[in-house]
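*Asks:* Sharing input_15.cif (mmCIF, C-alpha atoms) below.
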data_start
#
loop_
_atom_site.group_PDB
_atom_site.id
_atom_site.type_symbol
_atom_site.label_atom_id
_atom_site.label_comp_id
_atom_site.auth_asym_id
_atom_site.auth_seq_id
_atom_site.Cartn_x
_atom_site.Cartn_y
_atom_site.Cartn_z
ATOM 1 C CA TYR A 1355 0.000 0.000 0.000
ATOM 2 C CA LYS A 1356 2.857 2.378 0.785
ATOM 3 C CA ARG A 1357 4.457 1.789 -2.625
ATOM 4 C CA GLN A 1358 1.104 2.435 -4.296
ATOM 5 C CA GLY A 1359 0.791 5.765 -2.494
ATOM 6 C CA LYS A 1360 -2.183 4.556 -0.419
ATOM 7 C CA TYR A 1361 -0.768 5.964 2.793
ATOM 8 C CA ASP A 1362 -3.945 5.985 4.904
ATOM 9 C CA VAL A 1363 -4.547 2.304 4.175
ATOM 10 C CA ALA A 1364 -0.887 1.556 4.897
ATOM 11 C CA LEU A 1365 -1.144 3.288 8.286
ATOM 12 C CA LYS A 1366 -4.238 1.273 9.187
ATOM 13 C CA GLU A 1367 -2.420 -1.961 8.336
ATOM 14 C CA VAL A 1368 0.698 -1.088 10.318
ATOM 15 C CA GLU A 1369 -1.410 -0.030 13.329
ATOM 16 C CA ARG A 1370 -3.125 -3.398 13.091
ATOM 17 C CA CYS A 1371 0.281 -5.124 13.137
ATOM 18 C CA ILE A 1372 1.322 -3.105 16.183
ATOM 19 C CA ARG A 1373 -1.860 -4.089 18.041
ATOM 20 C CA LEU A 1374 -1.352 -7.747 17.148
ATOM 21 C CA LEU A 1375 2.161 -7.644 18.548
ATOM 22 C CA GLY A 1376 0.672 -6.635 21.889
ATOM 23 C CA SER A 1377 2.918 -5.661 24.768
ATOM 24 C CA GLU A 1378 6.426 -4.335 24.389
ATOM 25 C CA SER A 1379 7.997 -7.460 25.816
ATOM 26 C CA SER A 1380 11.647 -8.120 25.104
ATOM 27 C CA GLN A 1381 10.705 -10.836 22.582
ATOM 28 C CA GLN A 1382 8.712 -8.317 20.531
ATOM 29 C CA HIS A 1383 11.085 -5.336 20.691
ATOM 30 C CA ILE A 1384 12.751 -5.621 17.297
ATOM 31 C CA THR A 1385 9.590 -6.625 15.400
ATOM 32 C CA LEU A 1386 7.592 -3.810 17.006
ATOM 33 C CA ALA A 1387 10.397 -1.355 16.308
ATOM 34 C CA ARG A 1388 10.396 -2.331 12.636
ATOM 35 C CA MET A 1389 6.655 -1.683 12.450
ATOM 36 C CA LEU A 1390 7.236 1.717 14.054
ATOM 37 C CA ASP A 1391 9.894 2.443 11.424
ATOM 38 C CA VAL A 1392 7.319 1.728 8.708
ATOM 39 C CA LYS A 1393 4.753 3.885 10.501
ATOM 40 C CA GLY A 1394 7.243 6.740 10.798
ATOM 41 C CA THR A 1395 8.138 6.484 7.116
ATOM 42 C CA VAL A 1396 4.484 6.610 6.000
ATOM 43 C CA HIS A 1397 3.757 9.627 8.218
ATOM 44 C CA ALA A 1398 6.790 11.378 6.697
ATOM 45 C CA LEU A 1399 5.505 10.659 3.175
ATOM 46 C CA LYS A 1400 2.215 12.275 4.182
ATOM 47 C CA GLY A 1401 4.067 15.319 5.510
ATOM 48 C CA GLU A 1402 3.075 14.464 9.103
ATOM 49 C CA PHE A 1403 6.524 15.098 10.523
ATOM 50 C CA ARG A 1404 5.602 15.258 14.217
ATOM 51 C CA GLU A 1405 3.862 11.872 14.102
ATOM 52 C CA SER A 1406 6.753 10.474 12.076
ATOM 53 C CA GLU A 1407 9.363 11.588 14.603
ATOM 54 C CA ALA A 1408 7.328 10.217 17.513
ATOM 55 C CA ALA A 1409 7.130 6.762 15.900
ATOM 56 C CA LEU A 1410 10.829 6.714 14.956
ATOM 57 C CA GLN A 1411 11.989 7.892 18.389
ATOM 58 C CA ARG A 1412 9.910 5.170 20.033
ATOM 59 C CA SER A 1413 11.503 2.646 17.651
ATOM 60 C CA LEU A 1414 14.970 3.927 18.557
ATOM 61 C CA VAL A 1415 14.272 3.485 22.295
ATOM 62 C CA LEU A 1416 13.045 -0.081 21.771
ATOM 63 C CA LYS A 1417 16.048 -1.035 19.641
ATOM 64 C CA SER A 1418 18.490 0.582 22.063
ATOM 65 C CA THR A 1419 17.206 -1.541 24.960
ATOM 66 C CA GLU A 1420 18.748 -4.579 23.242
ATOM 67 C CA VAL A 1421 22.104 -3.123 22.138
ATOM 68 C CA ALA A 1422 22.917 0.580 22.150
ATOM 69 C CA ASP A 1423 24.919 0.478 18.903
ATOM 70 C CA SER A 1424 23.477 -2.093 16.525
ATOM 71 C CA LEU A 1425 22.600 -2.252 12.840
ATOM 72 C CA PRO A 1426 18.842 -1.831 13.561
ATOM 73 C CA VAL A 1427 19.675 1.283 15.608
ATOM 74 C CA ALA A 1428 21.735 2.688 12.723
ATOM 75 C CA ALA A 1429 18.845 2.054 10.305
ATOM 76 C CA THR A 1430 16.459 4.103 12.461
ATOM 77 C CA LEU A 1431 19.072 6.856 12.836
ATOM 78 C CA GLU A 1432 19.145 7.091 9.048
ATOM 79 C CA LEU A 1433 15.342 7.370 8.919
ATOM 80 C CA LEU A 1434 15.484 10.174 11.495
ATOM 81 C CA ALA A 1435 18.202 11.875 9.438
ATOM 82 C CA SER A 1436 16.021 11.687 6.317
ATOM 83 C CA LEU A 1437 13.119 13.164 8.303
ATOM 84 C CA ALA A 1438 15.312 16.017 9.569
ATOM 85 C CA GLN A 1439 16.414 16.710 5.987
ATOM 86 C CA SER A 1440 12.757 16.871 4.868
ATOM 87 C CA ARG A 1441 12.128 19.467 7.574
ATOM 88 C CA GLY A 1442 15.123 21.555 6.488
ATOM 89 C CA GLU A 1443 17.078 20.682 9.672
ATOM 90 C CA PHE A 1444 20.285 19.996 7.791
ATOM 91 C CA GLN A 1445 22.763 20.140 10.671
ATOM 92 C CA LYS A 1446 20.630 17.727 12.677
ATOM 93 C CA ALA A 1447 20.444 15.406 9.643
ATOM 94 C CA LEU A 1448 24.233 15.453 9.209
ATOM 95 C CA GLY A 1449 24.714 14.626 12.905
ATOM 96 C CA LEU A 1450 22.331 11.671 12.685
ATOM 97 C CA TYR A 1451 24.033 10.351 9.552
ATOM 98 C CA ASP A 1452 27.398 10.661 11.324
ATOM 99 C CA ARG A 1453 26.049 8.588 14.239
ATOM 100 C CA ALA A 1454 24.785 5.927 11.823
ATOM 101 C CA MET A 1455 28.114 5.883 9.961
ATOM 102 C CA SER A 1456 29.941 5.438 13.258
ATOM 103 C CA VAL A 1457 27.851 2.331 13.993
ATOM 104 C CA TYR A 1458 28.376 0.947 10.485
ATOM 105 C CA GLY A 1459 32.097 1.667 10.704
ATOM 106 C CA SER A 1460 32.525 -0.130 14.006
ATOM 107 C CA LEU A 1461 30.365 -3.158 13.113
ATOM 108 C CA LEU A 1462 30.898 -3.530 9.361
ATOM 109 C CA GLY A 1463 34.051 -1.569 8.630
ATOM 110 C CA ALA A 1464 34.704 1.589 6.628
ATOM 111 C CA SER A 1465 34.614 -0.314 3.315
ATOM 112 C CA HIS A 1466 31.078 -1.693 3.343
ATOM 113 C CA PRO A 1467 28.083 -0.976 1.066
ATOM 114 C CA ARG A 1468 25.959 0.343 3.937
ATOM 115 C CA THR A 1469 28.721 2.747 4.955
ATOM 116 C CA ALA A 1470 29.019 3.920 1.341
ATOM 117 C CA LEU A 1471 25.243 4.353 1.069
ATOM 118 C CA CYS A 1472 25.181 6.422 4.261
ATOM 119 C CA ILE A 1473 27.933 8.676 2.860
ATOM 120 C CA GLN A 1474 25.913 9.057 -0.358
ATOM 121 C CA ARG A 1475 22.823 10.131 1.599
ATOM 122 C CA LYS A 1476 24.922 12.556 3.614
ATOM 123 C CA ALA A 1477 26.146 14.090 0.338
ATOM 124 C CA LYS A 1478 22.550 14.893 -0.602
ATOM 125 C CA VAL A 1479 22.147 16.849 2.645
ATOM 126 C CA HIS A 1480 25.258 18.902 1.826
ATOM 127 C CA LEU A 1481 23.787 19.637 -1.606
ATOM 128 C CA LYS A 1482 20.452 20.716 -0.091
ATOM 129 C CA GLN A 1483 22.408 22.867 2.342
ATOM 130 C CA GLY A 1484 24.037 24.671 -0.571
ATOM 131 C CA ASP A 1485 27.484 23.107 -0.305
ATOM 132 C CA PRO A 1486 28.060 21.368 -3.673
ATOM 133 C CA SER A 1487 31.824 20.993 -3.186
ATOM 134 C CA MET A 1488 31.334 18.990 0.027
ATOM 135 C CA ALA A 1489 28.550 16.997 -1.651
ATOM 136 C CA GLU A 1490 30.852 16.105 -4.541
ATOM 137 C CA SER A 1491 33.633 15.110 -2.160
ATOM 138 C CA GLU A 1492 31.286 12.764 -0.272
ATOM 139 C CA LEU A 1493 29.907 11.249 -3.488
ATOM 140 C CA HIS A 1494 33.404 10.485 -4.779
ATOM 141 C CA LYS A 1495 34.240 8.963 -1.388
ATOM 142 C CA SER A 1496 31.167 6.711 -1.647
ATOM 143 C CA LEU A 1497 32.069 5.828 -5.239
ATOM 144 C CA SER A 1498 35.624 4.947 -4.230
ATOM 145 C CA ILE A 1499 34.392 2.550 -1.528
ATOM 146 C CA LEU A 1500 31.882 0.873 -3.850
ATOM 147 C CA ARG A 1501 34.403 0.382 -6.649
ATOM 148 C CA ARG A 1502 36.593 -1.577 -4.228
ATOM 149 C CA ILE A 1503 33.905 -3.920 -2.937
ATOM 150 C CA VAL A 1504 31.277 -4.459 -5.661
ATOM 151 C CA ASP A 1505 31.553 -5.124 -9.390
ATOM 152 C CA ARG A 1506 31.892 -2.128 -11.685
ATOM 153 C CA GLU A 1507 28.344 -2.431 -13.054
ATOM 154 C CA HIS A 1508 26.566 -2.726 -9.716
ATOM 155 C CA PRO A 1509 23.348 -0.643 -9.430
ATOM 156 C CA MET A 1510 24.731 1.113 -6.332
ATOM 157 C CA ILE A 1511 27.569 2.553 -8.438
ATOM 158 C CA ALA A 1512 25.020 3.622 -11.069
ATOM 159 C CA ASP A 1513 23.034 5.406 -8.326
ATOM 160 C CA VAL A 1514 26.090 7.441 -7.304
ATOM 161 C CA CYS A 1515 26.830 8.273 -10.958
ATOM 162 C CA GLU A 1516 23.279 9.618 -11.311
ATOM 163 C CA ASP A 1517 23.708 11.703 -8.152
ATOM 164 C CA LEU A 1518 26.915 13.143 -9.633
ATOM 165 C CA ALA A 1519 24.982 13.911 -12.819
ATOM 166 C CA GLY A 1520 22.424 15.814 -10.752
ATOM 167 C CA LEU A 1521 25.205 17.662 -8.958
ATOM 168 C CA HIS A 1522 26.578 18.822 -12.332
ATOM 169 C CA SER A 1523 23.169 19.778 -13.729
ATOM 170 C CA GLN A 1524 24.474 23.262 -14.619
ATOM 171 C CA ASP A 1525 27.339 21.666 -16.554
ATOM 172 C CA VAL A 1526 25.232 19.691 -19.016
ATOM 173 C CA PRO A 1527 28.066 17.862 -20.868
ATOM 174 C CA ALA A 1528 29.524 16.594 -17.571
ATOM 175 C CA SER A 1529 26.045 15.641 -16.373
ATOM 176 C CA VAL A 1530 25.354 13.633 -19.548
ATOM 177 C CA GLN A 1531 28.678 11.780 -19.188
ATOM 178 C CA TRP A 1532 27.698 10.579 -15.702
ATOM 179 C CA LEU A 1533 24.204 9.675 -16.922
ATOM 180 C CA GLU A 1534 25.600 7.639 -19.810
ATOM 181 C CA LYS A 1535 27.866 5.732 -17.411
ATOM 182 C CA ALA A 1536 24.867 4.923 -15.213
ATOM 183 C CA TYR A 1537 22.804 3.894 -18.240
ATOM 184 C CA GLN A 1538 25.455 1.496 -19.566
ATOM 185 C CA MET A 1539 25.797 -0.104 -16.107
ATOM 186 C CA ARG A 1540 22.058 -0.603 -15.702
ATOM 187 C CA LYS A 1541 21.639 -1.886 -19.252
ATOM 188 C CA SER A 1542 24.458 -4.406 -18.833
ATOM 189 C CA ARG A 1543 23.400 -5.562 -15.371
ATOM 190 C CA LEU A 1544 19.596 -5.313 -15.472
ATOM 191 C CA GLY A 1545 18.703 -5.422 -19.159
ATOM 192 C CA ALA A 1546 17.400 -2.809 -21.601
ATOM 193 C CA GLU A 1547 13.761 -3.064 -20.451
ATOM 194 C CA HIS A 1548 14.308 -2.828 -16.699
ATOM 195 C CA PRO A 1549 12.550 0.200 -15.119
ATOM 196 C CA GLU A 1550 15.839 1.619 -13.814
ATOM 197 C CA THR A 1551 17.444 1.322 -17.261
ATOM 198 C CA VAL A 1552 14.472 3.029 -18.900
ATOM 199 C CA SER A 1553 14.593 5.811 -16.296
ATOM 200 C CA ALA A 1554 18.258 6.351 -17.170
ATOM 201 C CA MET A 1555 17.362 6.533 -20.883
ATOM 202 C CA MET A 1556 14.717 9.179 -20.141
ATOM 203 C CA HIS A 1557 17.258 11.251 -18.202
ATOM 204 C CA ILE A 1558 19.731 11.107 -21.088
ATOM 205 C CA GLY A 1559 17.005 12.097 -23.552
ATOM 206 C CA ALA A 1560 16.058 15.165 -21.505
ATOM 207 C CA SER A 1561 19.708 16.153 -20.958
ATOM 208 C CA SER A 1562 20.460 15.752 -24.672
ATOM 209 C CA LEU A 1563 17.763 18.321 -25.422
ATOM 210 C CA ALA A 1564 19.451 20.699 -22.992
ATOM 211 C CA LEU A 1565 22.677 20.087 -24.941
ATOM 212 C CA ASN A 1566 20.811 20.931 -28.162
ATOM 213 C CA SER A 1567 21.330 17.366 -29.392
ATOM 214 C CA PRO A 1568 17.786 16.403 -30.430
ATOM 215 C CA VAL A 1569 18.946 13.511 -32.627
ATOM 216 C CA VAL A 1570 20.464 11.782 -29.590
ATOM 217 C CA ALA A 1571 17.336 12.634 -27.596
ATOM 218 C CA VAL A 1572 15.121 10.989 -30.236
ATOM 219 C CA GLU A 1573 17.189 7.809 -30.047
ATOM 220 C CA PHE A 1574 16.855 7.481 -26.255
ATOM 221 C CA PHE A 1575 13.196 8.528 -26.072
ATOM 222 C CA GLU A 1576 12.305 6.031 -28.819
ATOM 223 C CA LYS A 1577 14.043 3.270 -26.850
ATOM 224 C CA SER A 1578 12.133 4.380 -23.744
ATOM 225 C CA VAL A 1579 8.772 4.287 -25.542
ATOM 226 C CA ASP A 1580 9.465 0.796 -26.938
ATOM 227 C CA ALA A 1581 10.656 -0.642 -23.601
ATOM 228 C CA LEU A 1582 7.821 0.893 -21.569
ATOM 229 C CA THR A 1583 5.150 -0.153 -24.092
ATOM 230 C CA GLN A 1584 6.393 -3.733 -23.997
ATOM 231 C CA ARG A 1585 6.329 -3.797 -20.192
ATOM 232 C CA LEU A 1586 3.298 -1.641 -19.360
ATOM 233 C CA GLY A 1587 1.146 -1.489 -22.480
ATOM 234 C CA GLU A 1588 0.149 1.369 -24.779
ATOM 235 C CA ASP A 1589 -2.042 3.251 -22.321
ATOM 236 C CA SER A 1590 0.195 3.746 -19.286
ATOM 237 C CA ILE A 1591 1.126 7.214 -18.032
ATOM 238 C CA GLU A 1592 4.815 6.240 -18.140
ATOM 239 C CA VAL A 1593 4.535 5.570 -21.884
ATOM 240 C CA ALA A 1594 2.722 8.904 -22.248
ATOM 241 C CA ARG A 1595 5.625 10.716 -20.546
ATOM 242 C CA ALA A 1596 8.123 9.051 -22.858
ATOM 243 C CA ARG A 1597 6.016 9.982 -25.921
ATOM 244 C CA ARG A 1598 5.874 13.578 -24.759
ATOM 245 C CA GLY A 1599 9.697 13.578 -24.453
ATOM 246 C CA LEU A 1600 10.003 12.155 -27.959
ATOM 247 C CA ALA A 1601 7.584 14.792 -29.255
ATOM 248 C CA ARG A 1602 9.717 17.570 -27.737
ATOM 249 C CA ALA A 1603 12.804 16.114 -29.419
ATOM 250 C CA TYR A 1604 11.021 16.276 -32.792
ATOM 251 C CA VAL A 1605 9.907 19.852 -32.109
ATOM 252 C CA TYR A 1606 13.544 20.814 -31.520
ATOM 253 C CA GLN A 1607 14.240 19.569 -35.055
ATOM 254 C CA GLY A 1608 11.240 21.374 -36.524
ATOM 255 C CA MET A 1609 9.544 18.045 -37.288
ATOM 256 C CA TYR A 1610 6.093 19.185 -36.164
ATOM 257 C CA ASP A 1611 4.209 16.584 -38.208
ATOM 258 C CA ARG A 1612 5.903 13.841 -36.154
ATOM 259 C CA ALA A 1613 5.499 15.659 -32.848
ATOM 260 C CA GLN A 1614 1.755 16.314 -33.149
ATOM 261 C CA PRO A 1615 0.425 12.709 -33.040
ATOM 262 C CA LEU A 1616 2.823 11.857 -30.193
ATOM 263 C CA TYR A 1617 1.530 14.785 -28.144
ATOM 264 C CA GLU A 1618 -2.059 13.802 -28.905
ATOM 265 C CA ARG A 1619 -1.549 10.195 -27.801
ATOM 266 C CA ALA A 1620 0.260 11.324 -24.641
ATOM 267 C CA ILE A 1621 -2.518 13.792 -23.747
ATOM 268 C CA ILE A 1622 -5.301 11.257 -24.319
ATOM 269 C CA ALA A 1623 -3.493 8.663 -22.184
ATOM 270 C CA GLY A 1624 -2.927 11.309 -19.511
ATOM 271 C CA HIS A 1625 -6.633 12.187 -19.430
ATOM 272 C CA THR A 1626 -7.590 8.508 -19.290
ATOM 273 C CA GLN A 1627 -5.112 7.463 -16.603
ATOM 274 C CA CYS A 1628 -4.793 10.565 -14.394
ATOM 275 C CA GLY A 1629 -7.387 13.125 -15.419
ATOM 276 C CA ARG A 1630 -6.526 16.667 -16.483
ATOM 277 C CA THR A 1631 -3.665 17.102 -14.043
ATOM 278 C CA GLU A 1632 -1.211 19.999 -14.070
ATOM 279 C CA GLU A 1633 1.296 17.792 -15.898
ATOM 280 C CA VAL A 1634 -1.182 16.885 -18.642
ATOM 281 C CA ARG A 1635 -2.284 20.515 -18.992
ATOM 282 C CA SER A 1636 1.362 21.486 -19.570
ATOM 283 C CA TRP A 1637 1.485 18.975 -22.457
ATOM 284 C CA GLU A 1638 -1.648 20.566 -23.929
ATOM 285 C CA GLN A 1639 0.002 23.976 -23.724
ATOM 286 C CA GLU A 1640 3.125 22.668 -25.468
ATOM 287 C CA LEU A 1641 1.008 21.250 -28.279
ATOM 288 C CA ASP A 1642 -1.046 24.430 -28.587
ATOM 289 C CA SER A 1643 2.157 26.457 -28.872
ATOM 290 C CA ILE A 1644 3.076 24.348 -31.910
ATOM 291 C CA LEU A 1645 -0.334 24.530 -33.554
ATOM 292 C CA THR A 1646 -0.931 28.232 -32.925
ATOM 293 C CA GLY A 1647 2.718 29.351 -32.868
ATOM 294 C CA PRO A 1648 4.295 32.310 -34.641
ATOM 295 C CA SER A 1649 3.845 32.592 -38.381
ATOM 296 C CA SER A 1650 7.508 31.702 -38.883
ATOM 297 C CA SER A 1651 6.784 28.185 -37.599
ATOM 298 C CA PRO A 1652 4.742 25.653 -39.551
ATOM 299 C CA VAL A 1653 1.192 25.725 -38.188
ATOM 300 C CA LEU A 1654 -0.456 22.350 -38.414
ATOM 301 C CA ASP A 1655 -4.006 23.138 -37.433
ATOM 302 C CA GLY A 1656 -6.170 25.596 -35.530
ATOM 303 C CA GLY A 1657 -6.528 25.426 -31.753
ATOM 304 C CA SER A 1658 -10.275 24.822 -31.894
ATOM 305 C CA ALA A 1659 -9.792 21.995 -34.366
ATOM 306 C CA LEU A 1660 -7.184 20.480 -32.040
ATOM 307 C CA THR A 1661 -9.600 20.591 -29.111
ATOM 308 C CA GLN A 1662 -12.374 18.962 -31.125
ATOM 309 C CA ARG A 1663 -10.086 16.245 -32.542
ATOM 310 C CA LEU A 1664 -8.662 15.402 -29.124
ATOM 311 C CA ARG A 1665 -12.169 15.217 -27.675
ATOM 312 C CA GLU A 1666 -13.275 12.814 -30.397
ATOM 313 C CA LYS A 1667 -10.145 10.655 -29.986
ATOM 314 C CA GLU A 1668 -10.515 10.618 -26.213
ATOM 315 C CA HIS A 1669 -14.161 9.526 -26.405
ATOM 316 C CA GLY A 1670 -13.169 6.738 -28.780
ATOM 317 C CA GLU A 1671 -10.348 5.689 -26.442
ATOM 318 C CA LEU A 1672 -12.692 5.625 -23.434
ATOM 319 C CA ARG A 1673 -15.192 3.508 -25.372
ATOM 320 C CA ARG A 1674 -12.440 1.067 -26.330
ATOM 321 C CA LEU A 1675 -11.260 0.758 -22.710
ATOM 322 C CA THR A 1676 -14.828 0.314 -21.449
#
Turn the structure described in the file into structure tokens.
*Replies:*
Amino acid sequence: YKRQGKYDVALKEVERCIRLLGSESSQQHITLARMLDVKGTVHALKGEFRESEAALQRSLVLKSTEVADSLPVAATLELLASLAQSRGEFQKALGLYDRAMSVYGSLLGASHPRTALCIQRKAKVHLKQGDPSMAESELHKSLSILRRIVDREHPMIADVCEDLAGLHSQDVPASVQWLEKAYQMRKSRLGAEHPETVSAMMHIGASSLALNSPVVAVEFFEKSVDALTQRLGEDSIEVARARRGLARAYVYQGMYDRAQPLYERAIIAGHTQCGRTEEVRSWEQELDSILTGPSSSPVLDGGSALTQRLREKEHGELRRLT
């Protein structure tokens, strides 16, 4: 339920688990604490930070009654650090991550994936705090650890490469280089149709547009559309997002006749799957700017005709789905 975004249902289920566990006897401490971790995470996703902290602090007390410095304790410290980051309490978040890293270092050693992951998360706090140089230093430290202990195409290394791409978002060529490294790792390790590989392709497509390389963008968005359609079907919102990206790449090349049907299909799928959300409305505006753009640009059709055609196509699509 949590992964589906059904947070109220998830909270009801976790409260039910907590009641079933009963008293906070020593035999139930760790299991109850894990349920409290889940409860705290769901409250945080709902923006209920006070309730989240209360659940996580209770979990920390229960775990600490067994062993003060243990891996379960470190896991809850990381959740509290993430919560503090969400609240803009960056110094508090850094302190909590340091405590977790100290536990990982003493129990697992400095060269361990969990230590590297904690350093990576700490880097994101530095970036949020407005300290990109410290963030980059921490990310390279995490990358150095991972390269020593996991294979070179491990998804954890790809994650750090993508974080470095985000860090260099103002330097688009450097950002694309990191994204391409992550993409090649995910493709080799997970396959071309894996969701993480497709996500990497979408990132490269968008970054290629920023680099004014629409031909490269077309290549990666086309691959994304094909992979997502095979996995999710024609009508999914993920396919619609990929089609919209491909349409933008064609617009950059002045190929409006190719962009128009892609926008239309994306908009219809968006209406069907999500309703007329802000995201879908932005796609409509992009399409309208093509159809009713300046006289120097090829105008494909009038705005009113577009509205009528989309309405007819959408009604036909809804009938087909019904």
*Asks:* If we count all atoms listed in the file, what is near segment 1360-1377 of chain A at a cut-off of 9 Å, once residues fewer than 2 positions away on the same chain are taken out, given as a PyMOL selection string?
*Replies:* chain A and resi 1355-1358+1379+1382+1385-1386+1389-1390+1392-1393+1396-1397+1399-1400
*Asks:* What would the selection look like, as a PDB file with C-alpha atoms, keeping the file's coordinate frame, if the PyMOL selection byres ((chain A and resi 1429) around 10) were run on the coordinates I just shared?
*Replies:*
ATOM      1  CA  ARG A1388      10.396  -2.331  12.636  1.00  0.00           C
ATOM      2  CA  ASP A1391       9.894   2.443  11.424  1.00  0.00           C
ATOM      3  CA  LEU A1414      14.970   3.927  18.557  1.00  0.00           C
ATOM      4  CA  SER A1424      23.477  -2.093  16.525  1.00  0.00           C
ATOM      5  CA  LEU A1425      22.600  -2.252  12.840  1.00  0.00           C
ATOM      6  CA  PRO A1426      18.842  -1.831  13.561  1.00  0.00           C
ATOM      7  CA  VAL A1427      19.675   1.283  15.608  1.00  0.00           C
ATOM      8  CA  ALA A1428      21.735   2.688  12.723  1.00  0.00           C
ATOM      9  CA  THR A1430      16.459   4.103  12.461  1.00  0.00           C
ATOM     10  CA  LEU A1431      19.072   6.856  12.836  1.00  0.00           C
ATOM     11  CA  GLU A1432      19.145   7.091   9.048  1.00  0.00           C
ATOM     12  CA  LEU A1433      15.342   7.370   8.919  1.00  0.00           C
ATOM     13  CA  LEU A1434      15.484  10.174  11.495  1.00  0.00           C
ATOM     14  CA  ALA A1435      18.202  11.875   9.438  1.00  0.00           C
ATOM     15  CA  TYR A1451      24.033  10.351   9.552  1.00  0.00           C
ATOM     16  CA  ALA A1454      24.785   5.927  11.823  1.00  0.00           C
ATOM     17  CA  VAL A1457      27.851   2.331  13.993  1.00  0.00           C
ATOM     18  CA  TYR A1458      28.376   0.947  10.485  1.00  0.00           C
ATOM     19  CA  ARG A1468      25.959   0.343   3.937  1.00  0.00           C
ATOM     20  CA  CYS A1472      25.181   6.422   4.261  1.00  0.00           C
TER      21      CYS A1472
END
*Asks:* Between atom CA of Leu1410 of chain A and atom CA of Ala1438 of chain A, what is the distance, to one decimal in Å?
*Replies:*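 So the two atoms, atom CA of Leu1410 of chain A and atom CA of Ala1438 of chain A, lie 11.6 Å apart.
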*Asks:* Leaving out Ser1590 of chain A and any residue of its chain fewer than 5 positions from it, which residues lie within 8 Å of it when counting all atoms listed in the file, given as a ChimeraX atom specification?
*Replies:* /A:1583,1623,1627
*Asks:* If the box runs along x, y and z of the file and leaves 5 Å on each side of segment 1548-1559 of chain A, what are its centre and edge lengths in Å, one decimal, as lines of an AutoDock Vina configuration file?
*Replies:*
center_x = 16.1
center_y = 4.6
center_z = -18.7
size_x = 17.2
size_y = 24.9
size_z = 19.7
*Asks:* For Arg1540 of chain A, which of A:Ser1440, A:Glu1507, A:Cys1515, A:Pro1568 is the closest residue, counting all atoms listed in the file?
*Replies:*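 Residue with the minimum atom-to-atom distance to Arg1540 of chain A: A:Glu1507.
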*Asks:* Kindly give the distance, in Å, that separates atom CA of Ala1447 of chain A and atom CA of Ala1489 of chain A, rounded to a single decimal.
*Replies:*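 Answer for the atom CA of Ala1447 of chain A to atom CA of Ala1489 of chain A separation: 14.0 Å.
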*Asks:* Can you pull out every residue within 12 Å of Ser1529 of chain A, counting all atoms listed in the file, but drop anything in the same chain fewer than 2 positions away, and send it as a ChimeraX atom specification?
*Replies:* /A:1515-1527,1531-1536,1557-1558,1560-1562,1564-1565
*Asks:* Taking into account all atoms listed in the file, which residue in the set A:Ser1567, A:Thr1395, A:Ser1636, A:Thr1469 is nearest to Ser1436 of chain A?
*Replies:*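 Ranked by minimum distance to Ser1436 of chain A, first place goes to A:Thr1395.
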*Asks:* Any chance you could resolve the PyMOL selection byres ((chain A and resi 1593-1604) around 8) against this file and give the residues as a count of residues only?
*Replies:* 38
*Asks:* Have a look at A:Ser1491, A:Met1555, A:His1625, A:Gln1483 and name the one nearest to Gln1439 of chain A; count all atoms listed in the file.
*Replies:* A:Gln1483
*Asks:* Work out how far apart atom CA of Phe1574 of chain A and atom CA of Ala1554 of chain A are and give it in Å to one decimal.
*Replies:*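 The value is 9.3 Å.
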*Asks:* List as a VMD selection string the protein and nucleic acid residues near Leu1544 of chain A, meaning an atom at most 12 Å away when all atoms listed in the file are counted, but skip any in the same chain fewer than 4 places from it.
*Replies:* chain A and resid 1507 to 1509 1512 1536 to 1540 1548 to 1552 1554
*Asks:* I'd like the neighbourhood of Ala1398 of chain A as a PyMOL selection string, where a residue qualifies if any of its atoms comes within 9 Å (using only C-alpha atoms), though same-chain residues fewer than 6 positions away should be ignored.
*Replies:* chain A and resi 1404-1407+1437+1440
*Asks:* Of the residues A:Asp1513, A:Gly1459, A:Ile1503, A:Gly1442, which is the one nearest to His1480 of chain A, using all atoms listed in the file?
*Replies:*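 Among the listed residues, A:Gly1442 lies closest to His1480 of chain A.
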